[in-house]
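Visitor: Here it is: the structure, laid out below.
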Amino acid sequence: MNQENQKIVTRFAPSPTGMLHIGGLRTALFSWLWAKKFGGDFIVRLEDTDRDRLVEGASEQILASITALGMDWAYGPDKPGAFGSCVQSHRLMTYQERIEELLANGKAYRDYRTSEELDAMRSQATSEKRAFVYRKSMAKLDGTITDPHVIRIEIPSDKQFIWEDAVKGLQTWNSKDVDDFVAIKADGFPTYHFANVCDDHAMGVSHVIRADEWLASTPKHLWLWEAFGWQAPVYAHVPPVLAPGGKKKLSKRDGAKDVSEYITDGYTPEALMNYLAMLGWNDGTDKEFYSRDELISAFELSRIQKSGAQFDPVKLEWMNGVHIRAMSVDELYSRAGEWWHPAAENFPPEYKKEVLRLNRERLKRFSELSELTWFFFKDPSPTTELRNMLLEETGLEAQKANEFFEKVINVCDESDFSEENLHDQIYNLCEPLQTKPAVLFKLIRISLVGGKNAPGLFETMHALGKETTLRRLHSAVKLLEATPSV
RNA sequence: GGUCCCGUCGUCUAGCGGUUAGGACAUCAGGUUUUCAUCCUGAAGAUCGCGGGUUCGAUUCCCGCCGGGAUCACCA
């Protein structure tokens, strides 16, 4: 197979029977990366030939997930190509034409056997501990064309199917283990096996990258390519993404989220893409952090892992933090959009950017932005809880704490509020007050931010500004005075 | 059961006949810092699934076994 000069075309062919899960998304990603790497086409094709299992809204969700990760397609359900629609239910005519071709040259036959008869034959074989491989000799060939029937593909006997799978390596299958499979169902719709090959050919697909559950049926597909006299594409069967702590495929039951949920949880598309790519793929070096473009150029089908990989939400979060820390403040700002605390609404962009700068390395997901930064936009409420925190965390009596506050307020009044000045002045307070920085700083911090954790104290004070800082310090004094000590 | 695929720290993995079996996440211990986070250093963690071969030498090659997975639909 020479594909040096062949256009690289990959496709992602989900069936709209449910939500797209992480494993499916990763398969789509691998396909997309491979096409992008060679400047080829990535096609999204809807395999909706099972009319009974269609799920309302599933195709929209699948497309939205792919888009959410930043992937685009050359052809898709919304963008037909010269080959026609990317929705299989719209392509029924082609399958009809194709099957006539195989019927005419004797490679396919009509079978009038009913599903019930088939089931009986199968259970018979099972009870006799025999492998059940359907053959033309078992078929019911007599019937009229108007009677319900299926059309099967006859698999030649004594044939070896040998091919090189791009991830699993050399495969050898014997035709005696391959069924005469149904190509056209009684309802006139094609099966996956048939539609899939017809479409891959029609769309010029060069690399079929799909879940490894298809590995066992690849001989059927290969035979179809051969029966039609077409050159088969490269097949790459990728392993599943496993649930954390298990050996089973990640599914919704394991808390697998819809991709859009990760986005609304504040994961960035780049981090999600980076993490997914690294789950079961590496470039042979220690590199783990990739930009989208780096991923595209480094990606290699042959380095996809052969066995399943467990999804690790903890590492995903770490990866997201790495991507966030790598962003410029402007970049961060442009993405922070909806995640600000409502109180931030009317604050100027420059102030918000400063807040982002101070919080960049504490942010792992954008959804944490609000709880991490609300106090930059809103004074802490003078609650009993706050009062207790002030005293418990510092180990001070209310009166003593207020003595400290008094000095701090004096210092702030006189300070030019530069970080340096604040730093020096407040440090100098420790000795006369006979206390440790840890205690004094904690007292100030809690009064200003209403919690134990925040960016550096002087950076925070500087960002907040003199007026706000003093207002909050005074408010803390009042709080300690008002409530009797317990 | 038949056929096929897979098997390195808890997890994701590097390795492609000779390595102190490397990295990352997580864990633990230090350090930096006013807190959290970040950052830095270090530690612990893998008899390379098991047993046979081949070889001077096997995690790497071969065979068997065990374990896990996929597939055997008029579902994809």
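Chain labels A, B, ... are given in the sequence in which chains occur in the structure tokens; within each chain residues are numbered consecutively from 1, and ligands are likewise numbered from 1 in the order shown.
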Taking only C-alpha atoms (C1' of nucleotides) into account, find every residue of chain A that has an atom no more than 7 Å from chain B, and write it out as a PyMOL selection string.
Guide: chain A and resi 15+50+129+131+150+177+182+185-186+192+213+216+279+284+286+306-307+315+361-362+437-438+441+452-454+457
Visitor: Next, write the just-selected residues to a file, as a tab-separated table (two decimals), in the first residue's frame, keeping C-alpha atoms as the atom set.
Guide:
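The resulting out_24.tsv:
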```
chain	number	residue	atom	x	y	z
A	15	SER	CA	-23.92	6.34	15.84
A	50	ASP	CA	-30.27	1.43	13.46
A	129	LYS	CA	-20.70	-26.50	22.33
A	131	ALA	CA	-18.92	-22.53	17.30
A	150	VAL	CA	-31.83	-10.10	4.32
A	177	ASP	CA	-14.04	-17.99	11.71
A	182	VAL	CA	-25.83	-9.45	6.80
A	185	LYS	CA	-31.41	-5.85	6.84
A	186	ALA	CA	-35.02	-6.84	6.27
A	192	TYR	CA	-22.76	-1.09	9.93
A	213	GLU	CA	-14.05	-3.57	19.53
A	216	ALA	CA	-12.72	-8.77	15.13
A	279	LEU	CA	-4.00	8.92	27.78
A	284	GLY	CA	8.52	8.48	23.14
A	286	ASP	CA	9.14	12.68	28.58
A	306	LYS	CA	-2.27	-1.29	22.60
A	307	SER	CA	-4.20	-1.70	25.81
A	315	LYS	CA	-4.21	14.14	36.60
A	361	GLU	CA	-1.21	29.78	40.06
A	362	ARG	CA	-3.97	29.04	42.50
A	437	PRO	CA	4.23	37.99	61.49
A	438	ALA	CA	2.22	34.81	61.12
A	441	PHE	CA	-0.75	38.74	58.97
A	452	LYS	CA	-7.86	31.88	55.55
A	453	ASN	CA	-6.47	31.65	52.06
A	454	ALA	CA	-5.68	34.36	49.60
A	457	LEU	CA	-1.12	39.82	51.80
```
Visitor: Which residues are near Arg292 in chain A? Cut-off 10 Å, only C-alpha atoms (C1' of nucleotides), ignore same chain within fewer than 2 positions. Put them as a list of chain:residue names.
Guide: A:Leu33, A:Gly70, A:Pro269, A:Glu270, A:Ala271, A:Met273, A:Asn274, A:Phe289, A:Tyr290, A:Glu294, A:Leu295, A:Ile296, A:Ser297
Visitor: Could those residues be written to a file, using C-alpha atoms, as a CSV table (one decimal), in the first residue's frame?
Guide:
```csv
chain,number,residue,atom,x,y,z
A,33,LEU,CA,-4.9,14.9,14.8
A,70,GLY,CA,-11.7,22.7,19.3
A,269,PRO,CA,-10.3,22.7,25.7
A,270,GLU,CA,-6.5,22.6,25.3
A,271,ALA,CA,-6.0,20.8,28.6
A,273,MET,CA,-7.2,17.7,24.5
A,274,ASN,CA,-3.7,17.4,25.9
A,289,PHE,CA,2.6,19.4,28.1
A,290,TYR,CA,1.5,20.1,24.5
A,294,GLU,CA,2.6,20.6,19.0
A,295,LEU,CA,0.2,17.7,19.4
A,296,ILE,CA,-0.7,17.8,15.7
A,297,SER,CA,2.9,17.6,14.6
```
Visitor: Under the rule that only C-alpha atoms (C1' of nucleotides) are counted, which of B:U20, B:C61, B:U32, B:C66 is the nearest residue to G49 in chain B?
Guide: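 Answer, going by the shortest atom-to-atom distance: B:C66.
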Visitor: When you look at G31 in chain B with a cut-off of 12 Å (counting only C-alpha atoms (C1' of nucleotides)), what residues show up, excluding the ones that are within fewer than 2 positions of it in the same chain? I need them as a count of residues only.
Guide: 6
Visitor: Work out how far CA of Phe189 in chain A is from CA of Phe83 in chain A, in Å to one decimal.
Guide: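 Rounded to one decimal, the two atoms are 18.9 Å apart.
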Visitor: Enumerate, as number ranges by chain, the complete set of residues in range 16-103 of chain A that a backbone-based DSSP assignment places in alpha helix (DSSP H).
Guide: A: 22-37, 58-68, 92-103
Visitor: Write a file of the just-selected residues containing C-alpha atoms, as a PDB file, in the first residue's frame.
Guide:
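The resulting file, out-v8.pdb, is shown below:
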```pdb
ATOM      1  CA  ILE A  22     -14.578  10.147  26.749  1.00  0.00           C
ATOM      2  CA  GLY A  23     -13.289   7.113  24.886  1.00  0.00           C
ATOM      3  CA  GLY A  24     -15.222   8.053  21.789  1.00  0.00           C
ATOM      4  CA  LEU A  25     -14.013  11.587  22.018  1.00  0.00           C
ATOM      5  CA  ARG A  26     -10.426  10.408  22.231  1.00  0.00           C
ATOM      6  CA  THR A  27     -10.902   8.251  19.155  1.00  0.00           C
ATOM      7  CA  ALA A  28     -12.257  11.302  17.365  1.00  0.00           C
ATOM      8  CA  LEU A  29      -9.255  13.277  18.581  1.00  0.00           C
ATOM      9  CA  PHE A  30      -6.788  10.737  17.244  1.00  0.00           C
ATOM     10  CA  SER A  31      -8.522  10.820  13.861  1.00  0.00           C
ATOM     11  CA  TRP A  32      -8.573  14.571  13.811  1.00  0.00           C
ATOM     12  CA  LEU A  33      -4.911  14.853  14.794  1.00  0.00           C
ATOM     13  CA  TRP A  34      -3.877  12.434  12.090  1.00  0.00           C
ATOM     14  CA  ALA A  35      -5.741  14.323   9.385  1.00  0.00           C
ATOM     15  CA  LYS A  36      -4.443  17.677  10.596  1.00  0.00           C
ATOM     16  CA  LYS A  37      -0.896  16.398  10.708  1.00  0.00           C
ATOM     17  CA  ALA A  58     -27.628  12.591  20.483  1.00  0.00           C
ATOM     18  CA  SER A  59     -26.145  13.765  17.210  1.00  0.00           C
ATOM     19  CA  GLU A  60     -26.260  17.393  18.344  1.00  0.00           C
ATOM     20  CA  GLN A  61     -24.532  16.440  21.563  1.00  0.00           C
ATOM     21  CA  ILE A  62     -21.833  14.495  19.737  1.00  0.00           C
ATOM     22  CA  LEU A  63     -21.107  17.342  17.366  1.00  0.00           C
ATOM     23  CA  ALA A  64     -21.112  19.828  20.233  1.00  0.00           C
ATOM     24  CA  SER A  65     -18.579  17.725  22.135  1.00  0.00           C
ATOM     25  CA  ILE A  66     -16.204  17.590  19.215  1.00  0.00           C
ATOM     26  CA  THR A  67     -16.554  21.307  18.726  1.00  0.00           C
ATOM     27  CA  ALA A  68     -16.051  21.983  22.415  1.00  0.00           C
ATOM     28  CA  LEU A  92     -29.710   4.555   1.141  1.00  0.00           C
ATOM     29  CA  MET A  93     -29.598   4.704  -2.649  1.00  0.00           C
ATOM     30  CA  THR A  94     -25.847   4.151  -2.768  1.00  0.00           C
ATOM     31  CA  TYR A  95     -26.046   1.073  -0.598  1.00  0.00           C
ATOM     32  CA  GLN A  96     -28.797  -0.242  -2.829  1.00  0.00           C
ATOM     33  CA  GLU A  97     -26.672   0.221  -5.905  1.00  0.00           C
ATOM     34  CA  ARG A  98     -23.696  -1.366  -4.259  1.00  0.00           C
ATOM     35  CA  ILE A  99     -25.498  -4.440  -3.111  1.00  0.00           C
ATOM     36  CA  GLU A 100     -26.992  -4.984  -6.570  1.00  0.00           C
ATOM     37  CA  GLU A 101     -23.445  -5.108  -7.804  1.00  0.00           C
ATOM     38  CA  LEU A 102     -22.494  -7.876  -5.404  1.00  0.00           C
ATOM     39  CA  LEU A 103     -25.741  -9.723  -5.985  1.00  0.00           C
TER      40      LEU A 103
END
```
Visitor: Under the rule that only C-alpha atoms are counted, which of A:Ser328, A:Ser260, A:Ser291, A:Ser302 is the nearest residue to Leu69 in chain A?
Guide: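 Under the stated criterion, the closest residue is A:Ser260.
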Visitor: Write out as number ranges by chain the residues lying within 10 Å of range 389-394 of chain A, counting only C-alpha atoms (C1' of nucleotides) and excluding same-chain residues fewer than 3 positions away.
Guide: A: 383-386, 397-398, 400-401, 438-447, 450-452, 476, 480, 485
Visitor: Would you work out the distance separating CA of Ser418 in chain A from CA of Phe458 in chain A, expressed in Å to one decimal?
Guide: 8.3 Å
Visitor: When DSSP works through the backbone of this structure, what residues of range 223-355 of chain A end up as strand (DSSP E), shown as a compact mmCIF listing (two decimals) with N, CA and C atoms, in the first residue's frame?
Guide:
```txt
# COMPACT_ATOMS: atom_id res chain seq x y z
N VAL A 234 -5.95 2.04 5.65
CA VAL A 234 -5.19 1.55 6.80
C VAL A 234 -6.15 1.51 7.97
N TYR A 235 -6.14 0.44 8.70
CA TYR A 235 -6.98 0.35 9.88
C TYR A 235 -6.14 0.57 11.14
N ALA A 236 -6.70 1.31 12.08
CA ALA A 236 -6.02 1.55 13.36
C ALA A 236 -7.06 1.36 14.45
N HIS A 237 -6.88 0.33 15.25
CA HIS A 237 -7.86 0.06 16.30
C HIS A 237 -7.36 0.51 17.66
N VAL A 238 -8.02 1.51 18.19
CA VAL A 238 -7.56 2.10 19.44
C VAL A 238 -8.31 1.52 20.64
N VAL A 241 -10.95 3.72 26.82
CA VAL A 241 -10.58 4.46 28.02
C VAL A 241 -11.33 3.76 29.15
N LEU A 242 -10.60 3.40 30.18
CA LEU A 242 -11.17 2.64 31.28
C LEU A 242 -11.59 3.53 32.45
N ALA A 309 -6.47 2.38 28.94
CA ALA A 309 -5.86 3.22 29.97
C ALA A 309 -6.95 3.77 30.88
N GLN A 310 -6.66 3.76 32.15
CA GLN A 310 -7.63 4.29 33.11
C GLN A 310 -7.66 5.81 33.11
```
Visitor: Separation of CA of Glu300 in chain A and CA of Val87 in chain A, in Å?
Guide: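 Atom-to-atom, CA of Glu300 in chain A and CA of Val87 in chain A are spaced 28.8 Å apart.
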Visitor: Of the candidates A:Gly143, A:Leu479, A:Arg360, A:Arg471, which one gets nearest to Gln399 in chain A if we count only C-alpha atoms?
Guide: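 Nearest to Gln399 in chain A: A:Leu479.
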Visitor: Given only C-alpha atoms as the basis, pick out the residue of A:Asp111, A:Glu459, A:Glu345, A:Glu403 nearest to Asn359 in chain A.
Guide: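 The shortest atom-to-atom distance to Asn359 in chain A comes from A:Glu459.
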Visitor: Could you pull the residues within 9 Å of C48 in chain B, counting only C-alpha atoms (C1' of nucleotides), minus those fewer than 3 positions along the same chain, as a list in words?
Guide: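 Contacts, in chain order: U8, A21 and U59 of chain B.
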Visitor: Now that the selection is made, can you save its residues with C-alpha atoms (C1' of nucleotides) as a PDB file, in the first residue's frame?
Guide:
```pdb
ATOM      1  C1'   U B   8       6.569  -2.424  33.490  1.00  0.00           C
ATOM      2  C1'   A B  21      14.486  -0.245  34.964  1.00  0.00           C
ATOM      3  C1'   U B  59      11.754  -6.455  30.976  1.00  0.00           C
TER       4        U B  59
END
```
Visitor: Write out as a PDB file with C-alpha atoms (C1' of nucleotides), in the first residue's frame which residues come within 12 Å of C62 in chain B when counting only C-alpha atoms (C1' of nucleotides), dropping same-chain ones fewer than 6 positions away.
Guide:
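That gives us selection-v6.pdb:
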```
ATOM      1  C1'   G B  52      10.189 -22.896  30.953  1.00  0.00           C
ATOM      2  C1'   G B  53      13.530 -22.276  27.057  1.00  0.00           C
ATOM      3  C1'   U B  54      17.213 -19.420  23.298  1.00  0.00           C
ATOM      4  C1'   U B  55      21.628 -16.652  24.695  1.00  0.00           C
TER       5        U B  55
END
```
